[in-house]
Structure formats: C-alpha cells, structure tokens
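S.K.: What follows is run_35.txt, compact mmCIF, N, CA and C atoms.
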```
# COMPACT_ATOMS: atom_id res chain seq x y z
N MET A 1 -23.17 -7.53 -272.11
CA MET A 1 -24.37 -6.99 -271.52
C MET A 1 -24.72 -5.66 -272.17
N THR A 2 -25.99 -5.38 -272.15
CA THR A 2 -26.40 -4.12 -272.74
C THR A 2 -25.91 -2.96 -271.88
N LYS A 3 -25.69 -1.86 -272.53
CA LYS A 3 -25.16 -0.69 -271.83
C LYS A 3 -26.17 -0.17 -270.82
N GLY A 4 -25.67 0.22 -269.63
CA GLY A 4 -26.53 0.78 -268.61
C GLY A 4 -27.34 -0.25 -267.84
N SER A 5 -27.08 -1.52 -268.08
CA SER A 5 -27.84 -2.56 -267.40
C SER A 5 -27.18 -2.89 -266.07
N GLU A 6 -27.92 -2.70 -264.99
CA GLU A 6 -27.37 -2.96 -263.67
C GLU A 6 -27.48 -4.42 -263.27
N VAL A 7 -28.52 -5.10 -263.68
CA VAL A 7 -28.73 -6.47 -263.24
C VAL A 7 -28.13 -7.51 -264.18
N GLY A 8 -27.53 -7.10 -265.27
CA GLY A 8 -26.86 -8.04 -266.15
C GLY A 8 -27.76 -8.70 -267.15
N THR A 9 -28.73 -8.01 -267.69
CA THR A 9 -29.61 -8.56 -268.71
C THR A 9 -28.94 -8.47 -270.07
N ILE A 10 -28.96 -9.57 -270.81
CA ILE A 10 -28.46 -9.52 -272.18
C ILE A 10 -29.64 -9.68 -273.13
N VAL A 11 -29.46 -9.21 -274.33
CA VAL A 11 -30.50 -9.29 -275.35
C VAL A 11 -29.96 -10.14 -276.51
N LYS A 12 -30.82 -10.41 -277.45
CA LYS A 12 -30.47 -11.28 -278.57
C LYS A 12 -29.20 -10.81 -279.29
N SER A 13 -29.05 -9.51 -279.50
CA SER A 13 -27.87 -9.02 -280.21
C SER A 13 -26.59 -9.30 -279.41
N ASP A 14 -26.69 -9.33 -278.07
CA ASP A 14 -25.53 -9.69 -277.25
C ASP A 14 -25.14 -11.15 -277.47
N ILE A 15 -26.13 -12.01 -277.60
CA ILE A 15 -25.86 -13.43 -277.87
C ILE A 15 -25.23 -13.58 -279.25
N VAL A 16 -25.74 -12.85 -280.23
CA VAL A 16 -25.16 -12.87 -281.58
C VAL A 16 -23.69 -12.45 -281.51
N ASP A 17 -23.40 -11.38 -280.78
CA ASP A 17 -22.01 -10.92 -280.65
C ASP A 17 -21.12 -11.98 -280.02
N ARG A 18 -21.63 -12.67 -279.01
CA ARG A 18 -20.83 -13.72 -278.36
C ARG A 18 -20.58 -14.90 -279.28
N VAL A 19 -21.58 -15.27 -280.08
CA VAL A 19 -21.38 -16.35 -281.07
C VAL A 19 -20.35 -15.90 -282.09
N TYR A 20 -20.46 -14.67 -282.55
CA TYR A 20 -19.50 -14.11 -283.51
C TYR A 20 -18.08 -14.17 -282.97
N GLU A 21 -17.90 -13.77 -281.71
CA GLU A 21 -16.56 -13.73 -281.12
C GLU A 21 -16.00 -15.12 -280.82
N ARG A 22 -16.83 -16.03 -280.36
CA ARG A 22 -16.34 -17.34 -279.91
C ARG A 22 -16.24 -18.38 -281.00
N VAL A 23 -17.13 -18.32 -281.98
CA VAL A 23 -17.17 -19.38 -283.00
C VAL A 23 -16.40 -18.99 -284.25
N GLY A 24 -16.32 -17.70 -284.52
CA GLY A 24 -15.60 -17.27 -285.70
C GLY A 24 -16.49 -17.07 -286.91
N PHE A 25 -17.80 -17.10 -286.71
CA PHE A 25 -18.71 -16.80 -287.80
C PHE A 25 -18.63 -15.31 -288.11
N THR A 26 -19.11 -14.95 -289.30
CA THR A 26 -19.34 -13.53 -289.55
C THR A 26 -20.53 -13.11 -288.70
N ARG A 27 -20.73 -11.80 -288.57
CA ARG A 27 -21.89 -11.34 -287.78
C ARG A 27 -23.21 -11.84 -288.39
N GLN A 28 -23.27 -11.85 -289.72
CA GLN A 28 -24.49 -12.32 -290.39
C GLN A 28 -24.70 -13.82 -290.13
N GLU A 29 -23.63 -14.61 -290.19
CA GLU A 29 -23.74 -16.05 -289.92
C GLU A 29 -24.12 -16.30 -288.46
N ALA A 30 -23.54 -15.52 -287.55
CA ALA A 30 -23.86 -15.67 -286.13
C ALA A 30 -25.34 -15.33 -285.89
N ALA A 31 -25.82 -14.25 -286.50
CA ALA A 31 -27.22 -13.87 -286.35
C ALA A 31 -28.14 -14.95 -286.92
N ALA A 32 -27.75 -15.50 -288.06
CA ALA A 32 -28.55 -16.56 -288.68
C ALA A 32 -28.58 -17.81 -287.79
N ALA A 33 -27.43 -18.16 -287.20
CA ALA A 33 -27.36 -19.34 -286.33
C ALA A 33 -28.25 -19.17 -285.10
N VAL A 34 -28.18 -18.01 -284.48
CA VAL A 34 -29.02 -17.74 -283.31
C VAL A 34 -30.49 -17.78 -283.71
N ASP A 35 -30.83 -17.17 -284.83
CA ASP A 35 -32.21 -17.18 -285.31
C ASP A 35 -32.72 -18.59 -285.57
N VAL A 36 -31.89 -19.43 -286.18
CA VAL A 36 -32.29 -20.80 -286.48
C VAL A 36 -32.58 -21.57 -285.20
N VAL A 37 -31.72 -21.44 -284.21
CA VAL A 37 -31.93 -22.14 -282.94
C VAL A 37 -33.23 -21.68 -282.28
N LEU A 38 -33.43 -20.37 -282.20
CA LEU A 38 -34.63 -19.85 -281.55
C LEU A 38 -35.89 -20.21 -282.33
N GLU A 39 -35.84 -20.13 -283.64
CA GLU A 39 -36.99 -20.49 -284.46
C GLU A 39 -37.33 -21.97 -284.33
N GLU A 40 -36.31 -22.81 -284.24
CA GLU A 40 -36.54 -24.25 -284.10
C GLU A 40 -37.20 -24.55 -282.75
N ILE A 41 -36.75 -23.90 -281.70
CA ILE A 41 -37.38 -24.08 -280.39
C ILE A 41 -38.84 -23.64 -280.46
N LYS A 42 -39.10 -22.48 -281.05
CA LYS A 42 -40.49 -22.00 -281.18
C LYS A 42 -41.33 -22.95 -282.01
N SER A 43 -40.77 -23.47 -283.09
CA SER A 43 -41.50 -24.37 -283.97
C SER A 43 -41.90 -25.65 -283.24
N VAL A 44 -40.97 -26.22 -282.51
CA VAL A 44 -41.25 -27.46 -281.77
C VAL A 44 -42.32 -27.22 -280.71
N LEU A 45 -42.20 -26.12 -279.99
CA LEU A 45 -43.18 -25.79 -278.95
C LEU A 45 -44.56 -25.54 -279.56
N SER A 46 -44.61 -24.89 -280.71
CA SER A 46 -45.90 -24.61 -281.35
C SER A 46 -46.60 -25.88 -281.81
N LYS A 47 -45.85 -26.96 -282.01
CA LYS A 47 -46.43 -28.25 -282.37
C LYS A 47 -46.89 -29.04 -281.15
N GLY A 48 -46.67 -28.46 -279.96
CA GLY A 48 -47.11 -29.13 -278.74
C GLY A 48 -46.08 -30.05 -278.12
N GLU A 49 -44.85 -29.97 -278.61
CA GLU A 49 -43.79 -30.82 -278.07
C GLU A 49 -42.95 -30.03 -277.07
N ASN A 50 -42.33 -30.75 -276.14
CA ASN A 50 -41.43 -30.12 -275.18
C ASN A 50 -40.02 -30.08 -275.75
N VAL A 51 -39.20 -29.18 -275.21
CA VAL A 51 -37.81 -29.05 -275.65
C VAL A 51 -36.91 -29.27 -274.43
N ARG A 52 -35.94 -30.16 -274.59
CA ARG A 52 -34.99 -30.43 -273.51
C ARG A 52 -33.58 -30.26 -274.06
N ILE A 53 -32.84 -29.33 -273.49
CA ILE A 53 -31.46 -29.10 -273.89
C ILE A 53 -30.59 -29.53 -272.71
N VAL A 54 -29.96 -30.70 -272.84
CA VAL A 54 -29.18 -31.28 -271.75
C VAL A 54 -28.10 -30.31 -271.30
N GLY A 55 -28.00 -30.14 -270.00
CA GLY A 55 -27.00 -29.24 -269.43
C GLY A 55 -27.46 -27.79 -269.39
N PHE A 56 -28.65 -27.52 -269.92
CA PHE A 56 -29.17 -26.15 -269.92
C PHE A 56 -30.53 -26.08 -269.25
N ALA A 57 -31.57 -26.55 -269.95
CA ALA A 57 -32.92 -26.45 -269.38
C ALA A 57 -33.92 -27.22 -270.23
N SER A 58 -35.14 -27.27 -269.68
CA SER A 58 -36.28 -27.83 -270.41
C SER A 58 -37.36 -26.77 -270.54
N PHE A 59 -37.99 -26.74 -271.69
CA PHE A 59 -39.16 -25.90 -271.94
C PHE A 59 -40.32 -26.87 -272.04
N ASN A 60 -41.24 -26.81 -271.10
CA ASN A 60 -42.34 -27.77 -271.05
C ASN A 60 -43.67 -27.06 -271.20
N LEU A 61 -44.55 -27.67 -272.00
CA LEU A 61 -45.90 -27.17 -272.18
C LEU A 61 -46.81 -27.93 -271.21
N ARG A 62 -47.74 -27.21 -270.62
CA ARG A 62 -48.66 -27.83 -269.69
C ARG A 62 -50.05 -27.27 -269.94
N ASP A 63 -51.02 -28.16 -270.03
CA ASP A 63 -52.40 -27.74 -270.23
C ASP A 63 -53.03 -27.48 -268.87
N LYS A 64 -53.68 -26.31 -268.75
CA LYS A 64 -54.39 -25.97 -267.53
C LYS A 64 -55.88 -26.02 -267.82
N LYS A 65 -56.61 -26.57 -266.89
CA LYS A 65 -58.05 -26.69 -267.05
C LYS A 65 -58.74 -25.36 -266.78
N ALA A 66 -59.97 -25.26 -267.25
CA ALA A 66 -60.78 -24.08 -266.93
C ALA A 66 -61.03 -24.10 -265.42
N ARG A 67 -61.16 -22.90 -264.85
CA ARG A 67 -61.41 -22.85 -263.40
C ARG A 67 -62.18 -21.58 -263.06
N ASN A 68 -62.81 -21.65 -261.91
CA ASN A 68 -63.54 -20.49 -261.40
C ASN A 68 -62.56 -19.59 -260.65
N ALA A 69 -62.78 -18.30 -260.77
CA ALA A 69 -61.96 -17.33 -260.05
C ALA A 69 -62.85 -16.15 -259.69
N ARG A 70 -62.27 -15.21 -258.98
CA ARG A 70 -63.03 -14.04 -258.56
C ARG A 70 -62.24 -12.79 -258.92
N ASN A 71 -62.93 -11.81 -259.50
CA ASN A 71 -62.32 -10.52 -259.80
C ASN A 71 -62.10 -9.82 -258.46
N PRO A 72 -60.83 -9.52 -258.11
CA PRO A 72 -60.57 -8.93 -256.80
C PRO A 72 -61.16 -7.53 -256.62
N ARG A 73 -61.37 -6.80 -257.70
CA ARG A 73 -61.95 -5.45 -257.60
C ARG A 73 -63.44 -5.47 -257.34
N THR A 74 -64.12 -6.32 -258.12
CA THR A 74 -65.59 -6.30 -258.06
C THR A 74 -66.15 -7.45 -257.24
N GLY A 75 -65.36 -8.50 -257.04
CA GLY A 75 -65.85 -9.67 -256.34
C GLY A 75 -66.67 -10.57 -257.25
N GLU A 76 -66.78 -10.19 -258.51
CA GLU A 76 -67.57 -10.96 -259.48
C GLU A 76 -66.89 -12.29 -259.77
N SER A 77 -67.69 -13.34 -259.84
CA SER A 77 -67.18 -14.67 -260.18
C SER A 77 -66.98 -14.75 -261.69
N ILE A 78 -65.82 -15.25 -262.11
CA ILE A 78 -65.52 -15.39 -263.54
C ILE A 78 -64.95 -16.78 -263.79
N ILE A 79 -64.97 -17.19 -265.03
CA ILE A 79 -64.38 -18.47 -265.42
C ILE A 79 -63.14 -18.18 -266.24
N ILE A 80 -62.02 -18.74 -265.82
CA ILE A 80 -60.78 -18.63 -266.59
C ILE A 80 -60.77 -19.79 -267.58
N LYS A 81 -60.61 -19.47 -268.84
CA LYS A 81 -60.66 -20.47 -269.90
C LYS A 81 -59.47 -21.44 -269.80
N PRO A 82 -59.64 -22.65 -270.35
CA PRO A 82 -58.49 -23.57 -270.38
C PRO A 82 -57.40 -22.98 -271.27
N ARG A 83 -56.18 -23.26 -270.92
CA ARG A 83 -55.07 -22.70 -271.70
C ARG A 83 -53.84 -23.58 -271.57
N ARG A 84 -52.90 -23.30 -272.41
CA ARG A 84 -51.62 -23.99 -272.38
C ARG A 84 -50.57 -23.01 -271.90
N VAL A 85 -49.76 -23.43 -270.94
CA VAL A 85 -48.71 -22.56 -270.41
C VAL A 85 -47.36 -23.18 -270.68
N LEU A 86 -46.37 -22.32 -270.80
CA LEU A 86 -44.99 -22.74 -271.05
C LEU A 86 -44.20 -22.55 -269.76
N THR A 87 -43.50 -23.60 -269.35
CA THR A 87 -42.66 -23.50 -268.16
C THR A 87 -41.21 -23.71 -268.55
N PHE A 88 -40.33 -23.09 -267.80
CA PHE A 88 -38.89 -23.20 -268.01
C PHE A 88 -38.31 -23.84 -266.76
N LYS A 89 -37.61 -24.97 -266.95
CA LYS A 89 -37.01 -25.63 -265.81
C LYS A 89 -35.51 -25.76 -266.07
N PRO A 90 -34.71 -25.00 -265.33
CA PRO A 90 -33.26 -25.07 -265.53
C PRO A 90 -32.71 -26.43 -265.10
N SER A 91 -31.65 -26.87 -265.78
CA SER A 91 -31.01 -28.13 -265.40
C SER A 91 -30.23 -27.95 -264.11
N LYS A 92 -29.89 -29.06 -263.49
CA LYS A 92 -29.09 -29.01 -262.27
C LYS A 92 -27.75 -28.34 -262.55
N HIS A 93 -27.17 -28.63 -263.71
CA HIS A 93 -25.88 -28.03 -264.07
C HIS A 93 -26.00 -26.50 -264.17
N LEU A 94 -27.07 -26.01 -264.80
CA LEU A 94 -27.27 -24.57 -264.92
C LEU A 94 -27.48 -23.94 -263.54
N LEU A 95 -28.30 -24.57 -262.72
CA LEU A 95 -28.53 -24.05 -261.37
C LEU A 95 -27.24 -24.01 -260.56
N ASP A 96 -26.47 -25.10 -260.63
CA ASP A 96 -25.20 -25.15 -259.90
C ASP A 96 -24.25 -24.05 -260.35
N SER A 97 -24.16 -23.84 -261.66
CA SER A 97 -23.22 -22.82 -262.15
C SER A 97 -23.68 -21.41 -261.79
N THR A 98 -24.97 -21.14 -261.85
CA THR A 98 -25.44 -19.80 -261.49
C THR A 98 -25.32 -19.58 -259.99
N ASN A 99 -25.58 -20.60 -259.20
CA ASN A 99 -25.47 -20.44 -257.75
C ASN A 99 -24.03 -20.29 -257.31
N SER A 100 -23.10 -21.01 -257.94
CA SER A 100 -21.70 -20.87 -257.56
C SER A 100 -21.17 -19.49 -257.95
N GLN A 101 -21.61 -18.96 -259.10
CA GLN A 101 -21.19 -17.62 -259.51
C GLN A 101 -21.78 -16.56 -258.58
N ALA A 102 -23.02 -16.74 -258.15
CA ALA A 102 -23.64 -15.78 -257.23
C ALA A 102 -22.92 -15.81 -255.89
N TYR A 103 -22.56 -17.01 -255.43
CA TYR A 103 -21.86 -17.13 -254.16
C TYR A 103 -20.49 -16.47 -254.24
N GLU A 104 -19.77 -16.73 -255.33
CA GLU A 104 -18.44 -16.16 -255.50
C GLU A 104 -18.49 -14.64 -255.58
N SER A 105 -19.51 -14.08 -256.27
CA SER A 105 -19.57 -12.62 -256.42
C SER A 105 -19.90 -11.93 -255.10
N THR A 106 -20.58 -12.62 -254.19
CA THR A 106 -20.92 -12.00 -252.90
C THR A 106 -19.86 -12.25 -251.84
N HIS A 107 -18.92 -13.18 -252.11
CA HIS A 107 -17.92 -13.52 -251.11
C HIS A 107 -16.49 -13.27 -251.57
N THR A 108 -16.33 -12.40 -252.56
CA THR A 108 -14.98 -12.06 -253.02
C THR A 108 -14.73 -10.57 -252.79
N GLY A 109 -13.45 -10.29 -252.57
CA GLY A 109 -12.91 -8.97 -252.47
C GLY A 109 -13.61 -7.97 -251.74
```
What does the file become when written as structure tokens?
M.R.:
Amino acid sequence: MTKGSEVGTIVKSDIVDRVYERVGFTRQEAAAAVDVVLEEIKSVLSKGENVRIVGFASFNLRDKKARNARNPRTGESIIIKPRRVLTFKPSKHLLDSTNSQAYESTHTG
C-alpha cells in the first residue's frame, strides 16, 4: 500500500512491486507485464468489446440513450447526449473474498 494511506489504496507501482516479489521478474519485466495486461484491457474495451476475467470481474460497456434532464441550479431543461459507459462487476469469488476479509478484520482481536 502507498505510504500514509488509511483506507488501503494501492497504485500501479504497488502492483508492479507485488508482481516483482511473487513472480520473480525483474522490476522492468514486472512493469512491462502489468502494462501489457492493462493496455490489452483498454484496447479490447476501446473496440467495443467486454472483458471478463473469471474469478475477478467483468468490465462491460453499455450504451445509454440521449435523455432530457434539468439543470438543478437554473431549472433549465437540457438534453444529455447518448454515450457509452463502462461498468465494473466483481465476480462472486471476489465479493466473497473481500466480504470475508472485511468480516474478519472487524471481528478479530
């Protein structure tokens, strides 16, 4: 985890360090491996395809239609343009593991 982080946020360099430590790559190889995985996910999504990593999560693209809305400050009616949104859906395995860790951390010692 990054230094001074209270909520446990990690950044890309933390992931690179973990790959370096666990897999035995050099730091440069670990950084390249992480970059390749992330770039491949971005590339697939940019082509309009979804990404599903079994045991982890799915990254799904969804098209939203144009719609009417209201500016809360002015009350003016506006049209929100159609757009594509990216959603992240964790797998049951990921949810189970994070929930069991959260339960254990609140019910130990």
S.K.: Which neighbours of segment 92-97 of chain A fall inside 8 Å, counting only C-alpha atoms, when residues of the same chain fewer than 2 positions from it are skipped, and could you give them as JSON, numbers by chain?
M.R.: {"A": [55, 56, 57, 90, 99, 100, 101]}
S.K.: Would you export the selected residues with N, CA and C atoms as a PDB file, keeping the file's coordinate frame, please?
M.R.:
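Output below, filename again.pdb:
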```pdb
ATOM      1  N   GLY A  55     -28.000 -30.140-270.000  1.00  0.00           N
ATOM      2  CA  GLY A  55     -27.000 -29.240-269.430  1.00  0.00           C
ATOM      3  C   GLY A  55     -27.460 -27.790-269.390  1.00  0.00           C
ATOM      4  N   PHE A  56     -28.650 -27.520-269.920  1.00  0.00           N
ATOM      5  CA  PHE A  56     -29.170 -26.150-269.920  1.00  0.00           C
ATOM      6  C   PHE A  56     -30.530 -26.080-269.250  1.00  0.00           C
ATOM      7  N   ALA A  57     -31.570 -26.550-269.950  1.00  0.00           N
ATOM      8  CA  ALA A  57     -32.920 -26.450-269.380  1.00  0.00           C
ATOM      9  C   ALA A  57     -33.920 -27.220-270.230  1.00  0.00           C
ATOM     10  N   PRO A  90     -34.710 -25.000-265.330  1.00  0.00           N
ATOM     11  CA  PRO A  90     -33.260 -25.070-265.530  1.00  0.00           C
ATOM     12  C   PRO A  90     -32.710 -26.430-265.100  1.00  0.00           C
ATOM     13  N   ASN A  99     -25.580 -20.600-259.200  1.00  0.00           N
ATOM     14  CA  ASN A  99     -25.470 -20.440-257.750  1.00  0.00           C
ATOM     15  C   ASN A  99     -24.030 -20.290-257.310  1.00  0.00           C
ATOM     16  N   SER A 100     -23.100 -21.010-257.940  1.00  0.00           N
ATOM     17  CA  SER A 100     -21.700 -20.870-257.560  1.00  0.00           C
ATOM     18  C   SER A 100     -21.170 -19.490-257.950  1.00  0.00           C
ATOM     19  N   GLN A 101     -21.610 -18.960-259.100  1.00  0.00           N
ATOM     20  CA  GLN A 101     -21.190 -17.620-259.510  1.00  0.00           C
ATOM     21  C   GLN A 101     -21.780 -16.560-258.580  1.00  0.00           C
TER      22      GLN A 101
END
```
S.K.: Please report, as JSON, the centre and edge lengths in Å to one decimal of an axis-aligned box covering all listed atoms of segment 62-66 of chain A with 3 Å per side.
M.R.:
```
{"center_x": -54.4, "center_y": -26.1, "center_z": -268.0, "size_x": 19.3, "size_y": 10.1, "size_z": 11.2}
```
S.K.: Between atom CA of Asp17 of chain A and atom CA of Glu39 of chain A, what distance in Å does the model show, to one decimal?
M.R.: 18.2 Å
S.K.: Enumerate as a PyMOL selection string all residues of segment 30-94 of chain A assigned to strand (DSSP E) by DSSP on the backbone, naming them with the chain letters and numbers the document uses.
M.R.: chain A and resi 51-53+57-64+67-70+77-80+83-90
S.K.: Separation of atom CA of Phe88 of chain A and atom N of Val23 of chain A, in Å?
M.R.: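 Atom-to-atom, atom CA of Phe88 of chain A to atom N of Val23 of chain A, that is 26.3 Å.
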S.K.: Within 7 Å of segment 40-42 of chain A, counting only C-alpha atoms, which residues qualify if same-chain residues fewer than 4 places away don't, as an MDAnalysis selection string?
M.R.: chainID A and resid 36 46 51
S.K.: Pick out the closest residue to Asp63 of chain A from this set: A:Lys47, A:Arg83, A:Lys89, A:Arg22. Count only C-alpha atoms.
M.R.: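 The closest residue to Asp63 of chain A is A:Arg83.
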S.K.: Compare A:Leu38, A:Ile79, A:Val16, A:Leu86 by their minimum atom-to-atom distance to Phe59 of chain A, counting all atoms listed in the file, and give me the closest one.
M.R.: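 Counting all atoms listed in the file, the residue closest to Phe59 of chain A is A:Leu86.
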S.K.: Using DSSP secondary structure from the backbone, list all alpha helix (DSSP H) positions within segment 30-77 of chain A, as a VMD selection string.
M.R.: chain A and resid 30 to 46
S.K.: Take the residues that were just selected and, keeping N, CA and C atoms, output them as a PDB file, in the frame of the given file.
M.R.:
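Now in out.pdb:
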```pdb
ATOM      1  N   ALA A  30     -23.540 -15.520-287.550  1.00  0.00           N
ATOM      2  CA  ALA A  30     -23.860 -15.670-286.130  1.00  0.00           C
ATOM      3  C   ALA A  30     -25.340 -15.330-285.890  1.00  0.00           C
ATOM      4  N   ALA A  31     -25.820 -14.250-286.500  1.00  0.00           N
ATOM      5  CA  ALA A  31     -27.220 -13.870-286.350  1.00  0.00           C
ATOM      6  C   ALA A  31     -28.140 -14.950-286.920  1.00  0.00           C
ATOM      7  N   ALA A  32     -27.750 -15.500-288.060  1.00  0.00           N
ATOM      8  CA  ALA A  32     -28.550 -16.560-288.680  1.00  0.00           C
ATOM      9  C   ALA A  32     -28.580 -17.810-287.790  1.00  0.00           C
ATOM     10  N   ALA A  33     -27.430 -18.160-287.200  1.00  0.00           N
ATOM     11  CA  ALA A  33     -27.360 -19.340-286.330  1.00  0.00           C
ATOM     12  C   ALA A  33     -28.250 -19.170-285.100  1.00  0.00           C
ATOM     13  N   VAL A  34     -28.180 -18.010-284.480  1.00  0.00           N
ATOM     14  CA  VAL A  34     -29.020 -17.740-283.310  1.00  0.00           C
ATOM     15  C   VAL A  34     -30.490 -17.780-283.710  1.00  0.00           C
ATOM     16  N   ASP A  35     -30.830 -17.170-284.830  1.00  0.00           N
ATOM     17  CA  ASP A  35     -32.210 -17.180-285.310  1.00  0.00           C
ATOM     18  C   ASP A  35     -32.720 -18.590-285.570  1.00  0.00           C
ATOM     19  N   VAL A  36     -31.890 -19.430-286.180  1.00  0.00           N
ATOM     20  CA  VAL A  36     -32.290 -20.800-286.480  1.00  0.00           C
ATOM     21  C   VAL A  36     -32.580 -21.570-285.200  1.00  0.00           C
ATOM     22  N   VAL A  37     -31.720 -21.440-284.210  1.00  0.00           N
ATOM     23  CA  VAL A  37     -31.930 -22.140-282.940  1.00  0.00           C
ATOM     24  C   VAL A  37     -33.230 -21.680-282.280  1.00  0.00           C
ATOM     25  N   LEU A  38     -33.430 -20.370-282.200  1.00  0.00           N
ATOM     26  CA  LEU A  38     -34.630 -19.850-281.550  1.00  0.00           C
ATOM     27  C   LEU A  38     -35.890 -20.210-282.330  1.00  0.00           C
ATOM     28  N   GLU A  39     -35.840 -20.130-283.640  1.00  0.00           N
ATOM     29  CA  GLU A  39     -36.990 -20.490-284.460  1.00  0.00           C
ATOM     30  C   GLU A  39     -37.330 -21.970-284.330  1.00  0.00           C
ATOM     31  N   GLU A  40     -36.310 -22.810-284.240  1.00  0.00           N
ATOM     32  CA  GLU A  40     -36.540 -24.250-284.100  1.00  0.00           C
ATOM     33  C   GLU A  40     -37.200 -24.550-282.750  1.00  0.00           C
ATOM     34  N   ILE A  41     -36.750 -23.900-281.700  1.00  0.00           N
ATOM     35  CA  ILE A  41     -37.380 -24.080-280.390  1.00  0.00           C
ATOM     36  C   ILE A  41     -38.840 -23.640-280.460  1.00  0.00           C
ATOM     37  N   LYS A  42     -39.100 -22.480-281.050  1.00  0.00           N
ATOM     38  CA  LYS A  42     -40.490 -22.000-281.180  1.00  0.00           C
ATOM     39  C   LYS A  42     -41.330 -22.950-282.010  1.00  0.00           C
ATOM     40  N   SER A  43     -40.770 -23.470-283.090  1.00  0.00           N
ATOM     41  CA  SER A  43     -41.500 -24.370-283.970  1.00  0.00           C
ATOM     42  C   SER A  43     -41.900 -25.650-283.240  1.00  0.00           C
ATOM     43  N   VAL A  44     -40.970 -26.220-282.510  1.00  0.00           N
ATOM     44  CA  VAL A  44     -41.250 -27.460-281.770  1.00  0.00           C
ATOM     45  C   VAL A  44     -42.320 -27.220-280.710  1.00  0.00           C
ATOM     46  N   LEU A  45     -42.200 -26.120-279.990  1.00  0.00           N
ATOM     47  CA  LEU A  45     -43.180 -25.790-278.950  1.00  0.00           C
ATOM     48  C   LEU A  45     -44.560 -25.540-279.560  1.00  0.00           C
ATOM     49  N   SER A  46     -44.610 -24.890-280.710  1.00  0.00           N
ATOM     50  CA  SER A  46     -45.900 -24.610-281.350  1.00  0.00           C
ATOM     51  C   SER A  46     -46.600 -25.880-281.810  1.00  0.00           C
TER      52      SER A  46
END
```
S.K.: Rank nothing, just name the residue among A:Val44, A:Ala31, A:Ile78, A:Val85 nearest to Asn60 of chain A, using all atoms listed in the file.
M.R.: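 That would be A:Val85, the residue with the smallest distance to Asn60 of chain A.
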S.K.: Atom CA of Ala32 of chain A to atom N of Ser91 of chain A: how many Å, to one decimal?
M.R.: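 Value for the atom CA of Ala32 of chain A-atom N of Ser91 of chain A distance: 25.3 Å.
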S.K.: Export C-alpha atoms of segment 7-55 of chain A from the structure just given, as a PDB file, in the first residue's frame?
M.R.:
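Result saved to selection33.pdb:
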```pdb
ATOM      1  CA  VAL A   7      -8.094   3.141   3.513  1.00  0.00           C
ATOM      2  CA  GLY A   8      -5.680   0.767   1.804  1.00  0.00           C
ATOM      3  CA  THR A   9      -5.493   2.178  -1.710  1.00  0.00           C
ATOM      4  CA  ILE A  10      -2.777   0.730  -3.914  1.00  0.00           C
ATOM      5  CA  VAL A  11      -1.440   2.256  -7.097  1.00  0.00           C
ATOM      6  CA  LYS A  12       0.054   0.752 -10.238  1.00  0.00           C
ATOM      7  CA  SER A  13       3.604   0.806  -8.846  1.00  0.00           C
ATOM      8  CA  ASP A  14       2.380  -1.248  -5.850  1.00  0.00           C
ATOM      9  CA  ILE A  15       1.022  -3.872  -8.251  1.00  0.00           C
ATOM     10  CA  VAL A  16       4.341  -3.869 -10.131  1.00  0.00           C
ATOM     11  CA  ASP A  17       6.173  -4.433  -6.827  1.00  0.00           C
ATOM     12  CA  ARG A  18       3.892  -7.350  -5.950  1.00  0.00           C
ATOM     13  CA  VAL A  19       4.427  -8.972  -9.362  1.00  0.00           C
ATOM     14  CA  TYR A  20       8.179  -8.456  -8.933  1.00  0.00           C
ATOM     15  CA  GLU A  21       8.146 -10.103  -5.495  1.00  0.00           C
ATOM     16  CA  ARG A  22       5.800 -13.003  -6.266  1.00  0.00           C
ATOM     17  CA  VAL A  23       6.717 -13.983  -9.815  1.00  0.00           C
ATOM     18  CA  GLY A  24      10.439 -13.374  -9.794  1.00  0.00           C
ATOM     19  CA  PHE A  25      10.541 -10.975 -12.722  1.00  0.00           C
ATOM     20  CA  THR A  26      12.925  -8.063 -12.701  1.00  0.00           C
ATOM     21  CA  ARG A  27      11.247  -4.759 -11.851  1.00  0.00           C
ATOM     22  CA  GLN A  28      11.352  -3.800 -15.533  1.00  0.00           C
ATOM     23  CA  GLU A  29       9.770  -7.121 -16.577  1.00  0.00           C
ATOM     24  CA  ALA A  30       7.109  -6.792 -13.871  1.00  0.00           C
ATOM     25  CA  ALA A  31       6.293  -3.242 -15.014  1.00  0.00           C
ATOM     26  CA  ALA A  32       6.108  -4.406 -18.626  1.00  0.00           C
ATOM     27  CA  ALA A  33       3.812  -7.317 -17.687  1.00  0.00           C
ATOM     28  CA  VAL A  34       1.431  -5.054 -15.770  1.00  0.00           C
ATOM     29  CA  ASP A  35       1.464  -2.533 -18.627  1.00  0.00           C
ATOM     30  CA  VAL A  36       0.687  -5.232 -21.205  1.00  0.00           C
ATOM     31  CA  VAL A  37      -2.295  -6.520 -19.221  1.00  0.00           C
ATOM     32  CA  LEU A  38      -3.718  -3.033 -18.661  1.00  0.00           C
ATOM     33  CA  GLU A  39      -3.123  -1.961 -22.260  1.00  0.00           C
ATOM     34  CA  GLU A  40      -4.802  -5.120 -23.559  1.00  0.00           C
ATOM     35  CA  ILE A  41      -7.872  -4.486 -21.400  1.00  0.00           C
ATOM     36  CA  LYS A  42      -8.012  -0.878 -22.657  1.00  0.00           C
ATOM     37  CA  SER A  43      -7.559  -1.999 -26.258  1.00  0.00           C
ATOM     38  CA  VAL A  44     -10.379  -4.539 -26.094  1.00  0.00           C
ATOM     39  CA  LEU A  45     -12.722  -2.040 -24.428  1.00  0.00           C
ATOM     40  CA  SER A  46     -11.883   0.651 -26.999  1.00  0.00           C
ATOM     41  CA  LYS A  47     -13.013  -1.772 -29.733  1.00  0.00           C
ATOM     42  CA  GLY A  48     -16.398  -2.033 -28.039  1.00  0.00           C
ATOM     43  CA  GLU A  49     -15.883  -5.480 -26.561  1.00  0.00           C
ATOM     44  CA  ASN A  50     -16.449  -6.506 -22.953  1.00  0.00           C
ATOM     45  CA  VAL A  51     -13.730  -8.037 -20.760  1.00  0.00           C
ATOM     46  CA  ARG A  52     -14.413 -10.933 -18.406  1.00  0.00           C
ATOM     47  CA  ILE A  53     -11.694 -12.210 -16.090  1.00  0.00           C
ATOM     48  CA  VAL A  54     -13.016 -15.367 -14.417  1.00  0.00           C
ATOM     49  CA  GLY A  55     -12.665 -15.245 -10.646  1.00  0.00           C
TER      50      GLY A  55
END
```
